[in-house]
>>> print(open('my_file.cif').read())   # mmCIF, C-alpha atoms
data_entry
#
loop_
_atom_site.group_PDB
_atom_site.id
_atom_site.type_symbol
_atom_site.label_atom_id
_atom_site.label_comp_id
_atom_site.auth_asym_id
_atom_site.auth_seq_id
_atom_site.Cartn_x
_atom_site.Cartn_y
_atom_site.Cartn_z
ATOM 1 C CA MET A 1 58.318 31.917 -64.959
ATOM 2 C CA GLY A 2 62.032 32.417 -64.369
ATOM 3 C CA ASN A 3 64.154 31.013 -61.602
ATOM 4 C CA ALA A 4 62.192 29.611 -58.700
ATOM 5 C CA HIS A 5 62.446 31.335 -55.330
ATOM 6 C CA ARG A 6 64.669 29.087 -53.187
ATOM 7 C CA VAL A 7 63.259 28.224 -49.767
ATOM 8 C CA VAL A 8 65.480 26.390 -47.290
ATOM 9 C CA VAL A 9 63.853 24.732 -44.285
ATOM 10 C CA LEU A 10 66.216 24.316 -41.334
ATOM 11 C CA ALA A 11 65.328 21.195 -39.326
ATOM 12 C CA LEU A 12 66.626 21.368 -35.755
ATOM 13 C CA GLU A 13 66.853 18.525 -33.274
ATOM 14 C CA GLY A 14 63.407 17.665 -31.891
ATOM 15 C CA VAL A 15 61.601 19.171 -34.895
ATOM 16 C CA TYR A 16 57.844 18.710 -35.198
ATOM 17 C CA PRO A 17 57.183 16.629 -38.348
ATOM 18 C CA PHE A 18 53.884 18.332 -39.186
ATOM 19 C CA GLU A 19 55.309 21.844 -39.237
ATOM 20 C CA LEU A 20 58.501 20.638 -40.919
ATOM 21 C CA GLY A 21 56.478 19.755 -43.995
ATOM 22 C CA ILE A 22 54.313 22.884 -44.195
ATOM 23 C CA ALA A 23 56.616 24.966 -46.405
ATOM 24 C CA ASN A 24 57.069 22.145 -48.878
ATOM 25 C CA ARG A 25 53.346 21.365 -48.961
ATOM 26 C CA VAL A 26 52.123 24.958 -49.290
ATOM 27 C CA LEU A 27 54.883 26.698 -51.233
ATOM 28 C CA GLY A 28 55.531 23.565 -53.238
ATOM 29 C CA SER A 29 51.940 23.767 -54.502
ATOM 30 C CA ALA A 30 52.502 27.154 -56.142
ATOM 31 C CA GLY A 31 53.148 25.848 -59.644
ATOM 32 C CA GLY A 32 56.933 25.721 -59.522
ATOM 33 C CA ARG A 33 57.329 29.271 -58.229
ATOM 34 C CA TYR A 34 59.272 27.999 -55.224
ATOM 35 C CA GLU A 35 62.021 25.420 -54.824
ATOM 36 C CA VAL A 36 61.873 24.019 -51.285
ATOM 37 C CA VAL A 37 64.765 22.063 -49.778
ATOM 38 C CA THR A 38 65.434 20.868 -46.241
ATOM 39 C CA CYS A 39 68.723 20.985 -44.369
ATOM 40 C CA THR A 40 70.190 20.434 -40.925
ATOM 41 C CA VAL A 41 73.030 22.299 -39.222
ATOM 42 C CA ASP A 42 75.504 19.517 -40.058
ATOM 43 C CA GLY A 43 73.851 17.520 -42.840
ATOM 44 C CA ARG A 44 73.179 14.623 -40.501
ATOM 45 C CA PRO A 45 69.811 13.115 -39.508
ATOM 46 C CA VAL A 46 67.896 14.767 -36.669
ATOM 47 C CA GLY A 47 65.422 13.315 -34.238
ATOM 48 C CA THR A 48 61.842 14.560 -34.233
ATOM 49 C CA ASN A 49 59.437 14.947 -31.344
ATOM 50 C CA SER A 50 57.772 11.783 -32.620
ATOM 51 C CA ASP A 51 59.124 8.233 -32.672
ATOM 52 C CA PHE A 52 61.316 8.609 -35.751
ATOM 53 C CA SER A 53 64.237 10.576 -37.129
ATOM 54 C CA ILE A 54 64.567 12.277 -40.500
ATOM 55 C CA THR A 55 67.392 12.196 -43.017
ATOM 56 C CA VAL A 56 67.993 15.217 -45.233
ATOM 57 C CA GLU A 57 69.852 15.807 -48.469
ATOM 58 C CA HIS A 58 71.508 19.077 -47.463
ATOM 59 C CA GLY A 59 73.742 20.561 -44.804
ATOM 60 C CA PRO A 60 74.198 24.193 -43.722
ATOM 61 C CA GLU A 61 75.647 25.113 -47.116
ATOM 62 C CA ALA A 62 72.063 25.217 -48.438
ATOM 63 C CA LEU A 63 71.447 28.299 -46.313
ATOM 64 C CA LEU A 64 73.999 30.247 -48.338
ATOM 65 C CA THR A 65 71.774 30.100 -51.436
ATOM 66 C CA ALA A 66 68.411 30.701 -49.730
ATOM 67 C CA ASP A 67 66.017 33.446 -50.716
ATOM 68 C CA THR A 68 63.818 32.502 -47.748
ATOM 69 C CA VAL A 69 64.722 30.458 -44.662
ATOM 70 C CA VAL A 70 62.001 28.698 -42.656
ATOM 71 C CA ILE A 71 62.613 27.503 -39.106
ATOM 72 C CA PRO A 72 59.953 25.022 -37.969
ATOM 73 C CA PRO A 73 59.265 24.413 -34.290
ATOM 74 C CA PHE A 74 60.898 21.858 -32.052
ATOM 75 C CA ALA A 75 60.138 20.372 -28.655
ATOM 76 C CA PRO A 76 59.801 23.149 -26.024
ATOM 77 C CA SER A 77 62.060 21.159 -23.702
ATOM 78 C CA ARG A 78 64.926 22.011 -26.075
ATOM 79 C CA ILE A 79 64.431 25.761 -25.835
ATOM 80 C CA THR A 80 67.464 27.443 -24.306
ATOM 81 C CA GLN A 81 68.618 31.018 -23.901
ATOM 82 C CA ASP A 82 71.892 30.327 -25.686
ATOM 83 C CA LEU A 83 72.004 28.739 -29.104
ATOM 84 C CA PRO A 84 74.145 25.642 -29.634
ATOM 85 C CA PRO A 85 77.261 26.731 -31.558
ATOM 86 C CA ALA A 86 76.302 24.773 -34.678
ATOM 87 C CA VAL A 87 72.883 26.473 -34.795
ATOM 88 C CA ALA A 88 74.413 29.907 -34.200
ATOM 89 C CA ASP A 89 76.935 29.315 -36.992
ATOM 90 C CA ALA A 90 74.196 28.161 -39.371
ATOM 91 C CA LEU A 91 72.114 31.275 -38.741
ATOM 92 C CA ALA A 92 75.169 33.512 -39.056
ATOM 93 C CA SER A 93 75.798 32.096 -42.531
ATOM 94 C CA ILE A 94 72.464 33.393 -43.866
ATOM 95 C CA ALA A 95 73.076 36.300 -46.211
ATOM 96 C CA PRO A 96 71.847 39.732 -45.091
ATOM 97 C CA GLY A 97 68.444 40.542 -46.570
ATOM 98 C CA THR A 98 67.361 36.915 -46.774
ATOM 99 C CA ARG A 99 63.752 36.531 -45.686
ATOM 100 C CA ILE A 100 63.458 34.469 -42.498
ATOM 101 C CA VAL A 101 60.260 32.814 -41.258
ATOM 102 C CA SER A 102 59.697 31.050 -37.946
ATOM 103 C CA ILE A 103 56.853 28.816 -36.870
ATOM 104 C CA CYS A 104 55.922 28.467 -33.185
ATOM 105 C CA THR A 105 59.053 27.780 -31.074
ATOM 106 C CA GLY A 106 61.219 28.729 -34.032
ATOM 107 C CA ALA A 107 60.829 32.306 -32.777
ATOM 108 C CA PHE A 108 62.966 31.380 -29.750
ATOM 109 C CA VAL A 109 65.827 30.575 -32.115
ATOM 110 C CA LEU A 110 65.506 33.892 -33.935
ATOM 111 C CA ALA A 111 65.310 35.785 -30.648
ATOM 112 C CA ALA A 112 68.342 33.993 -29.204
ATOM 113 C CA ALA A 113 70.270 34.934 -32.350
ATOM 114 C CA GLY A 114 69.345 38.596 -31.851
ATOM 115 C CA LEU A 115 67.291 38.711 -35.034
ATOM 116 C CA LEU A 116 64.149 39.911 -33.256
ATOM 117 C CA ASP A 117 65.669 42.635 -31.075
ATOM 118 C CA GLY A 118 63.379 45.667 -31.112
ATOM 119 C CA ARG A 119 61.010 43.997 -33.558
ATOM 120 C CA PRO A 120 57.427 42.744 -33.263
ATOM 121 C CA ALA A 121 57.084 38.959 -33.150
ATOM 122 C CA THR A 122 54.769 36.164 -32.092
ATOM 123 C CA THR A 123 54.948 32.561 -30.972
ATOM 124 C CA HIS A 124 52.584 29.967 -29.529
ATOM 125 C CA TRP A 125 50.306 31.573 -26.948
ATOM 126 C CA ALA A 126 51.160 28.939 -24.313
ATOM 127 C CA LEU A 127 54.830 29.963 -24.463
ATOM 128 C CA ALA A 128 54.288 33.722 -24.346
ATOM 129 C CA ASP A 129 55.307 34.186 -20.708
ATOM 130 C CA ALA A 130 58.466 32.132 -21.138
ATOM 131 C CA PHE A 131 59.351 34.088 -24.260
ATOM 132 C CA ARG A 132 58.845 37.469 -22.565
ATOM 133 C CA ASP A 133 60.976 36.402 -19.589
ATOM 134 C CA ARG A 134 63.865 35.360 -21.804
ATOM 135 C CA PHE A 135 63.635 38.015 -24.503
ATOM 136 C CA PRO A 136 62.222 41.262 -23.062
ATOM 137 C CA GLN A 137 63.829 43.185 -25.921
ATOM 138 C CA VAL A 138 61.331 41.663 -28.384
ATOM 139 C CA ALA A 139 57.897 43.259 -28.855
ATOM 140 C CA LEU A 140 55.909 40.052 -28.431
ATOM 141 C CA ASP A 141 52.269 39.905 -29.525
ATOM 142 C CA PRO A 142 50.843 36.472 -28.661
ATOM 143 C CA ASP A 143 47.338 37.306 -29.924
ATOM 144 C CA VAL A 144 47.989 37.068 -33.654
ATOM 145 C CA LEU A 145 48.462 34.188 -36.076
ATOM 146 C CA PHE A 146 51.571 35.693 -37.654
ATOM 147 C CA ILE A 147 53.510 38.934 -37.926
ATOM 148 C CA ASP A 148 55.071 40.193 -41.137
ATOM 149 C CA ASP A 149 57.901 42.586 -40.306
ATOM 150 C CA GLY A 150 59.364 42.733 -43.777
ATOM 151 C CA ASP A 151 62.357 40.430 -43.962
ATOM 152 C CA VAL A 152 61.436 38.586 -40.760
ATOM 153 C CA LEU A 153 58.097 36.847 -40.238
ATOM 154 C CA THR A 154 57.048 34.938 -37.130
ATOM 155 C CA SER A 155 53.987 32.758 -36.718
ATOM 156 C CA ALA A 156 52.146 31.059 -33.894
ATOM 157 C CA GLY A 157 51.623 27.355 -33.309
ATOM 158 C CA ALA A 158 50.959 24.486 -35.707
ATOM 159 C CA ALA A 159 48.496 25.460 -38.452
ATOM 160 C CA SER A 160 49.521 29.119 -38.335
ATOM 161 C CA GLY A 161 52.515 27.916 -40.337
ATOM 162 C CA VAL A 162 50.039 27.302 -43.154
ATOM 163 C CA ASP A 163 48.690 30.837 -42.705
ATOM 164 C CA VAL A 164 52.101 32.469 -42.925
ATOM 165 C CA CYS A 165 53.133 30.405 -45.951
ATOM 166 C CA LEU A 166 49.925 31.324 -47.758
ATOM 167 C CA HIS A 167 50.648 34.926 -46.806
ATOM 168 C CA LEU A 168 54.058 34.597 -48.459
ATOM 169 C CA VAL A 169 52.398 33.381 -51.652
ATOM 170 C CA ARG A 170 49.916 36.283 -51.529
ATOM 171 C CA ARG A 171 52.737 38.738 -50.881
ATOM 172 C CA ASP A 172 54.930 37.325 -53.654
ATOM 173 C CA HIS A 173 52.329 36.479 -56.309
ATOM 174 C CA GLY A 174 48.916 37.891 -55.302
ATOM 175 C CA SER A 175 45.662 36.389 -54.138
ATOM 176 C CA GLU A 176 44.817 34.447 -57.290
ATOM 177 C CA VAL A 177 47.854 32.208 -56.896
ATOM 178 C CA ALA A 178 47.380 31.994 -53.121
ATOM 179 C CA ASN A 179 43.758 30.970 -53.579
ATOM 180 C CA GLN A 180 44.798 28.250 -56.012
ATOM 181 C CA VAL A 181 47.348 26.949 -53.526
ATOM 182 C CA ALA A 182 44.753 27.006 -50.742
ATOM 183 C CA ARG A 183 42.359 24.960 -52.856
ATOM 184 C CA VAL A 184 45.041 22.390 -53.607
ATOM 185 C CA CYS A 185 45.872 22.142 -49.902
ATOM 186 C CA VAL A 186 42.166 22.201 -48.906
ATOM 187 C CA VAL A 187 42.610 25.080 -46.439
ATOM 188 C CA PRO A 188 41.098 28.586 -46.163
ATOM 189 C CA PRO A 189 42.974 31.182 -48.262
ATOM 190 C CA TRP A 190 43.301 33.297 -45.134
ATOM 191 C CA ARG A 191 42.092 33.364 -41.555
ATOM 192 C CA ASP A 192 41.242 36.695 -39.983
ATOM 193 C CA GLY A 193 41.730 37.201 -36.268
ATOM 194 C CA GLY A 194 44.315 36.124 -33.765
ATOM 195 C CA GLN A 195 45.287 33.292 -31.507
ATOM 196 C CA ALA A 196 42.923 34.624 -28.859
ATOM 197 C CA GLN A 197 40.139 32.954 -30.797
ATOM 198 C CA TYR A 198 41.756 29.569 -30.250
ATOM 199 C CA ILE A 199 42.848 29.744 -26.629
ATOM 200 C CA GLU A 200 40.889 27.435 -24.344
ATOM 201 C CA ARG A 201 37.602 28.333 -25.989
ATOM 202 C CA PRO A 202 34.863 25.793 -25.273
ATOM 203 C CA VAL A 203 33.371 24.207 -28.366
ATOM 204 C CA PRO A 204 29.585 24.716 -28.511
ATOM 205 C CA GLU A 205 27.435 21.641 -28.709
ATOM 206 C CA THR A 206 26.551 20.592 -32.225
ATOM 207 C CA SER A 207 23.073 21.680 -33.097
ATOM 208 C CA ALA A 208 20.920 22.021 -36.171
ATOM 209 C CA ASN A 209 20.188 25.515 -34.895
ATOM 210 C CA GLY A 210 23.696 26.865 -35.482
ATOM 211 C CA THR A 211 24.637 30.035 -37.319
ATOM 212 C CA SER A 212 26.566 28.493 -40.227
ATOM 213 C CA SER A 213 23.652 28.741 -42.665
ATOM 214 C CA ALA A 214 23.261 32.438 -41.864
ATOM 215 C CA ARG A 215 26.979 33.000 -42.373
ATOM 216 C CA GLN A 216 26.899 31.248 -45.727
ATOM 217 C CA TRP A 217 23.888 33.286 -46.791
ATOM 218 C CA ALA A 218 25.658 36.477 -45.743
ATOM 219 C CA LEU A 219 28.733 35.584 -47.817
ATOM 220 C CA GLU A 220 26.493 35.097 -50.844
ATOM 221 C CA ASN A 221 24.858 38.491 -50.282
ATOM 222 C CA LEU A 222 27.711 40.723 -49.140
ATOM 223 C CA HIS A 223 26.672 43.323 -51.700
ATOM 224 C CA GLU A 224 23.448 43.889 -49.747
ATOM 225 C CA PRO A 225 23.180 46.172 -46.669
ATOM 226 C CA LEU A 226 22.839 43.233 -44.280
ATOM 227 C CA ALA A 227 21.640 43.849 -40.752
ATOM 228 C CA LEU A 228 21.783 41.695 -37.649
ATOM 229 C CA ASP A 229 18.033 41.248 -37.916
ATOM 230 C CA ASP A 230 18.494 39.679 -41.347
ATOM 231 C CA LEU A 231 21.039 37.172 -40.102
ATOM 232 C CA ALA A 232 19.050 36.253 -37.013
ATOM 233 C CA GLU A 233 15.920 35.746 -39.087
ATOM 234 C CA ARG A 234 17.861 33.551 -41.506
ATOM 235 C CA ALA A 235 19.015 31.389 -38.554
ATOM 236 C CA ARG A 236 15.490 31.421 -37.102
ATOM 237 C CA MET A 237 16.673 32.803 -33.780
ATOM 238 C CA SER A 238 15.988 35.805 -31.641
ATOM 239 C CA LEU A 239 18.538 38.585 -31.866
ATOM 240 C CA ARG A 240 19.909 37.832 -28.420
ATOM 241 C CA THR A 241 20.211 34.084 -29.008
ATOM 242 C CA PHE A 242 21.751 34.577 -32.430
ATOM 243 C CA ALA A 243 24.389 37.026 -31.146
ATOM 244 C CA ARG A 244 25.331 34.662 -28.312
ATOM 245 C CA ARG A 245 25.524 31.573 -30.530
ATOM 246 C CA PHE A 246 27.420 33.442 -33.211
ATOM 247 C CA ASN A 247 30.084 34.542 -30.745
ATOM 248 C CA GLU A 248 30.371 30.988 -29.365
ATOM 249 C CA GLU A 249 30.857 29.501 -32.823
ATOM 250 C CA VAL A 250 32.976 32.172 -34.494
ATOM 251 C CA GLY A 251 34.722 33.917 -31.610
ATOM 252 C CA MET A 252 33.541 37.429 -32.458
ATOM 253 C CA SER A 253 30.369 39.468 -32.861
ATOM 254 C CA PRO A 254 28.300 39.218 -36.066
ATOM 255 C CA GLY A 255 29.032 42.853 -36.884
ATOM 256 C CA ARG A 256 32.773 42.437 -36.597
ATOM 257 C CA TRP A 257 32.687 39.210 -38.621
ATOM 258 C CA LEU A 258 30.633 40.862 -41.357
ATOM 259 C CA ILE A 259 33.103 43.733 -41.666
ATOM 260 C CA GLN A 260 35.974 41.249 -41.878
ATOM 261 C CA GLN A 261 34.255 39.385 -44.698
ATOM 262 C CA ARG A 262 33.564 42.603 -46.599
ATOM 263 C CA VAL A 263 37.188 43.693 -46.215
ATOM 264 C CA ALA A 264 38.428 40.255 -47.264
ATOM 265 C CA ARG A 265 36.281 40.316 -50.396
ATOM 266 C CA ALA A 266 37.448 43.850 -51.167
ATOM 267 C CA ARG A 267 41.072 42.768 -50.831
ATOM 268 C CA HIS A 268 40.473 39.962 -53.292
ATOM 269 C CA LEU A 269 38.927 42.368 -55.814
ATOM 270 C CA LEU A 270 41.728 44.891 -55.369
ATOM 271 C CA GLU A 271 44.260 42.164 -56.088
ATOM 272 C CA SER A 272 42.487 40.442 -58.971
ATOM 273 C CA THR A 273 40.606 43.224 -60.835
ATOM 274 C CA ASP A 274 41.011 46.798 -62.058
ATOM 275 C CA LEU A 275 37.674 47.903 -60.615
ATOM 276 C CA ALA A 276 37.575 51.366 -59.092
ATOM 277 C CA VAL A 277 37.380 51.628 -55.320
ATOM 278 C CA ASP A 278 33.800 52.955 -55.353
ATOM 279 C CA GLU A 279 32.684 50.027 -57.484
ATOM 280 C CA ILE A 280 34.417 47.522 -55.232
ATOM 281 C CA ALA A 281 32.791 49.163 -52.217
ATOM 282 C CA GLY A 282 29.371 48.589 -53.749
ATOM 283 C CA GLN A 283 30.117 44.959 -54.569
ATOM 284 C CA VAL A 284 31.147 44.135 -51.004
ATOM 285 C CA GLY A 285 28.421 46.059 -49.199
ATOM 286 C CA PHE A 286 30.165 49.226 -48.052
ATOM 287 C CA ALA A 287 28.029 52.299 -48.666
ATOM 288 C CA THR A 288 30.823 54.389 -50.182
ATOM 289 C CA GLY A 289 34.425 54.199 -51.291
ATOM 290 C CA THR A 290 35.283 56.319 -48.274
ATOM 291 C CA SER A 291 33.802 53.683 -45.977
ATOM 292 C CA LEU A 292 35.871 50.989 -47.703
ATOM 293 C CA ARG A 293 39.026 53.071 -47.344
ATOM 294 C CA GLN A 294 38.377 53.566 -43.631
ATOM 295 C CA HIS A 295 37.713 49.887 -42.951
ATOM 296 C CA LEU A 296 40.664 48.694 -45.043
ATOM 297 C CA HIS A 297 42.988 51.096 -43.275
ATOM 298 C CA ALA A 298 41.665 49.990 -39.881
ATOM 299 C CA ALA A 299 42.195 46.329 -40.816
ATOM 300 C CA ILE A 300 45.641 46.413 -42.433
ATOM 301 C CA GLY A 301 46.866 49.993 -42.154
ATOM 302 C CA VAL A 302 47.025 50.896 -45.848
ATOM 303 C CA SER A 303 44.866 52.578 -48.475
ATOM 304 C CA PRO A 304 43.295 50.676 -51.396
ATOM 305 C CA LEU A 305 45.818 52.310 -53.720
ATOM 306 C CA ALA A 306 48.796 51.184 -51.660
ATOM 307 C CA TYR A 307 47.346 47.721 -51.236
ATOM 308 C CA ARG A 308 46.751 47.272 -54.957
ATOM 309 C CA ARG A 309 50.244 48.535 -55.742
ATOM 310 C CA THR A 310 51.776 46.036 -53.306
ATOM 311 C CA PHE A 311 49.949 42.984 -54.589
ATOM 312 C CA ARG A 312 49.520 43.751 -58.264
ATOM 313 C CA GLY A 313 52.199 46.257 -59.157
ATOM 314 C CA VAL A 314 49.691 48.184 -61.288
ATOM 315 C CA LEU A 315 47.619 51.311 -60.887
ATOM 316 C CA SER A 316 44.210 52.078 -62.240
ATOM 317 C CA PRO A 317 42.247 55.344 -62.246
ATOM 318 C CA SER A 318 39.802 56.507 -59.578
ATOM 319 C CA HIS A 319 41.802 55.407 -56.524
#
>>> encode(input="my_file.cif", output="structure tokens")
Amino acid sequence: MGNAHRVVVLALEGVYPFELGIANRVLGSAGGRYEVVTCTVDGRPVGTNSDFSITVEHGPEALLTADTVVIPPFAPSRITQDLPPAVADALASIAPGTRIVSICTGAFVLAAAGLLDGRPATTHWALADAFRDRFPQVALDPDVLFIDDGDVLTSAGAASGVDVCLHLVRRDHGSEVANQVARVCVVPPWRDGGQAQYIERPVPETSANGTSSARQWALENLHEPLALDDLAERARMSLRTFARRFNEEVGMSPGRWLIQQRVARARHLLESTDLAVDEIAGQVGFATGTSLRQHLHAAIGVSPLAYRRTFRGVLSPSH
């Protein structure tokens, strides 16, 4: 498999323990494809936002050999406009071209270092106003789970760190490996949609009359031309009730959700098979290859050909 991709996690004072461990847990489950180490700016222990400190094996010298650097979040009370000199020096030591990933408040560190100037970025939705006030030069989008801007990736709060790390695996090694990692970690391979789905949304009361059975049935029959009537009938609800309950439980309309699932399945087939676009379109329920191309481009901004080239590095006819 060759040399493992070296990932260095930089633990700052006040680090959140959960997010600190995400890179190791997710990337470390990729069958030895990544080597994950943790460092601090001076090699000394750092306090967490919990009731314990952590001791690490590495100091800032680890950053010099990183292929990817991950900056987990830390207590918001420690966010400042100006970086402490030791943190600034540590970031300055990262070689140009090294991939850098932030989780939640880690974006404040990247912005303070000037690494996000003129670039799109995200952070936790609750901190969006504070971020905009301090860093107006950054194109903040608080309604997404993560943003991939090439060599710099930023993600939202908490579990979005899992999303961005799985995205790294997909980007580096394709969906088959990412799906394996997701199964090991018992998480979804990907989550479509943005943070807006998770902002102060009331949780519907548990009921046997939910829409989950209809959603599962739809996923098992994506190749069919499913209509809203079909889903509502499967859930034994009227169209109006089903649409309302579906939006409460999923955070989007049934039609939008169905398109997302078809696109997600098509992406998986583009990454893991040599099937022609028209054949993939039929397997995921789009009427034509043209329809698949339009929906894929609307979702991620690329054609099936470009997507397959990115994730598989191979071309097949009829694209």
>>> atom_distance(input="my_file.cif", atom1="atom CA of A:Val263", atom2="atom CA of A:Ile22")
27.0 Å
>>> resolve_selection(input="my_file.cif", expression="the PyMOL selection byres ((chain A and resi 225) around 9)", output="JSON, numbers by chain")
{"A": [221, 222, 223, 224, 226, 227, 285, 286, 287]}
>>> write_last_selection(input="my_file.cif", atoms="C-alpha atoms", output="mmCIF file, keeping the file's coordinate frame")
data_model
loop_
_atom_site.group_PDB
_atom_site.id
_atom_site.type_symbol
_atom_site.label_atom_id
_atom_site.label_comp_id
_atom_site.auth_asym_id
_atom_site.auth_seq_id
_atom_site.Cartn_x
_atom_site.Cartn_y
_atom_site.Cartn_z
ATOM 1 C CA ASN A 221 24.858 38.491 -50.282
ATOM 2 C CA LEU A 222 27.711 40.723 -49.140
ATOM 3 C CA HIS A 223 26.672 43.323 -51.700
ATOM 4 C CA GLU A 224 23.448 43.889 -49.747
ATOM 5 C CA LEU A 226 22.839 43.233 -44.280
ATOM 6 C CA ALA A 227 21.640 43.849 -40.752
ATOM 7 C CA GLY A 285 28.421 46.059 -49.199
ATOM 8 C CA PHE A 286 30.165 49.226 -48.052
ATOM 9 C CA ALA A 287 28.029 52.299 -48.666
#
>>> resolve_selection(input="my_file.cif", expression="the PyMOL selection byres ((chain A and resi 123) around 6)", output="MDAnalysis selection string")
chainID A and resid 104 122 124 155:156
>>> atom_distance(input="my_file.cif", atom1="atom CA of A:Val181", atom2="atom CA of A:Trp125")
27.1 Å
>>> atom_distance(input="my_file.cif", atom1="atom CA of A:Val37", atom2="atom CA of A:Pro72")
13.1 Å
>>> resolve_selection(input="my_file.cif", expression="the PyMOL selection byres ((chain A and resi 277) around 9)", output="PDB file with C-alpha atoms, keeping the file's coordinate frame")
ATOM      1  CA  ALA A 266      37.448  43.850 -51.167  1.00  0.00           C
ATOM      2  CA  LEU A 270      41.728  44.891 -55.369  1.00  0.00           C
ATOM      3  CA  LEU A 275      37.674  47.903 -60.615  1.00  0.00           C
ATOM      4  CA  ALA A 276      37.575  51.366 -59.092  1.00  0.00           C
ATOM      5  CA  ASP A 278      33.800  52.955 -55.353  1.00  0.00           C
ATOM      6  CA  GLU A 279      32.684  50.027 -57.484  1.00  0.00           C
ATOM      7  CA  ILE A 280      34.417  47.522 -55.232  1.00  0.00           C
ATOM      8  CA  ALA A 281      32.791  49.163 -52.217  1.00  0.00           C
ATOM      9  CA  GLY A 282      29.371  48.589 -53.749  1.00  0.00           C
ATOM     10  CA  THR A 288      30.823  54.389 -50.182  1.00  0.00           C
ATOM     11  CA  GLY A 289      34.425  54.199 -51.291  1.00  0.00           C
ATOM     12  CA  THR A 290      35.283  56.319 -48.274  1.00  0.00           C
ATOM     13  CA  LEU A 292      35.871  50.989 -47.703  1.00  0.00           C
ATOM     14  CA  ARG A 293      39.026  53.071 -47.344  1.00  0.00           C
ATOM     15  CA  PRO A 304      43.295  50.676 -51.396  1.00  0.00           C
ATOM     16  CA  LEU A 305      45.818  52.310 -53.720  1.00  0.00           C
ATOM     17  CA  SER A 318      39.802  56.507 -59.578  1.00  0.00           C
ATOM     18  CA  HIS A 319      41.802  55.407 -56.524  1.00  0.00           C
TER      19      HIS A 319
END
>>> residues_around(input="my_file.cif", residues="A:Val164", least_positions_apart="5", cutoff="10 Å", atoms="only C-alpha atoms", output="ChimeraX atom specification")
/A:22-23,26,101-103,145-148,153-156,159,169-170,190
>>> decode(input="my_file.cif", residues="stretch 214-245 of chain A", atoms="C-alpha atoms", output="PDB file, in the first residue's frame")
ATOM      1  CA  ALA A 214     -41.583   4.520   3.615  1.00  0.00           C
ATOM      2  CA  ARG A 215     -38.047   5.874   3.373  1.00  0.00           C
ATOM      3  CA  GLN A 216     -36.573   2.408   3.750  1.00  0.00           C
ATOM      4  CA  TRP A 217     -38.923   1.052   1.107  1.00  0.00           C
ATOM      5  CA  ALA A 218     -37.950   3.879  -1.232  1.00  0.00           C
ATOM      6  CA  LEU A 219     -34.237   3.119  -0.785  1.00  0.00           C
ATOM      7  CA  GLU A 220     -34.914  -0.498  -1.724  1.00  0.00           C
ATOM      8  CA  ASN A 221     -36.801   0.580  -4.851  1.00  0.00           C
ATOM      9  CA  LEU A 222     -34.845   3.571  -6.137  1.00  0.00           C
ATOM     10  CA  HIS A 223     -34.801   2.024  -9.601  1.00  0.00           C
ATOM     11  CA  GLU A 224     -38.577   2.499  -9.809  1.00  0.00           C
ATOM     12  CA  PRO A 225     -40.271   5.794 -10.820  1.00  0.00           C
ATOM     13  CA  LEU A 226     -41.465   6.492  -7.278  1.00  0.00           C
ATOM     14  CA  ALA A 227     -44.106   9.130  -6.703  1.00  0.00           C
ATOM     15  CA  LEU A 228     -45.214  10.918  -3.563  1.00  0.00           C
ATOM     16  CA  ASP A 229     -48.448   8.955  -3.715  1.00  0.00           C
ATOM     17  CA  ASP A 230     -46.465   5.724  -3.467  1.00  0.00           C
ATOM     18  CA  LEU A 231     -44.588   6.853  -0.383  1.00  0.00           C
ATOM     19  CA  ALA A 232     -47.671   8.211   1.349  1.00  0.00           C
ATOM     20  CA  GLU A 233     -49.560   4.997   0.667  1.00  0.00           C
ATOM     21  CA  ARG A 234     -46.652   2.978   2.048  1.00  0.00           C
ATOM     22  CA  ALA A 235     -46.785   5.063   5.265  1.00  0.00           C
ATOM     23  CA  ARG A 236     -50.588   4.794   5.329  1.00  0.00           C
ATOM     24  CA  MET A 237     -51.037   8.553   5.419  1.00  0.00           C
ATOM     25  CA  SER A 238     -52.734  11.177   3.348  1.00  0.00           C
ATOM     26  CA  LEU A 239     -50.485  13.126   1.019  1.00  0.00           C
ATOM     27  CA  ARG A 240     -50.710  16.249   3.146  1.00  0.00           C
ATOM     28  CA  THR A 241     -49.991  14.454   6.424  1.00  0.00           C
ATOM     29  CA  PHE A 242     -47.145  12.472   4.908  1.00  0.00           C
ATOM     30  CA  ALA A 243     -45.455  15.573   3.448  1.00  0.00           C
ATOM     31  CA  ARG A 244     -45.718  17.394   6.782  1.00  0.00           C
ATOM     32  CA  ARG A 245     -44.424  14.466   8.844  1.00  0.00           C
TER      33      ARG A 245
END
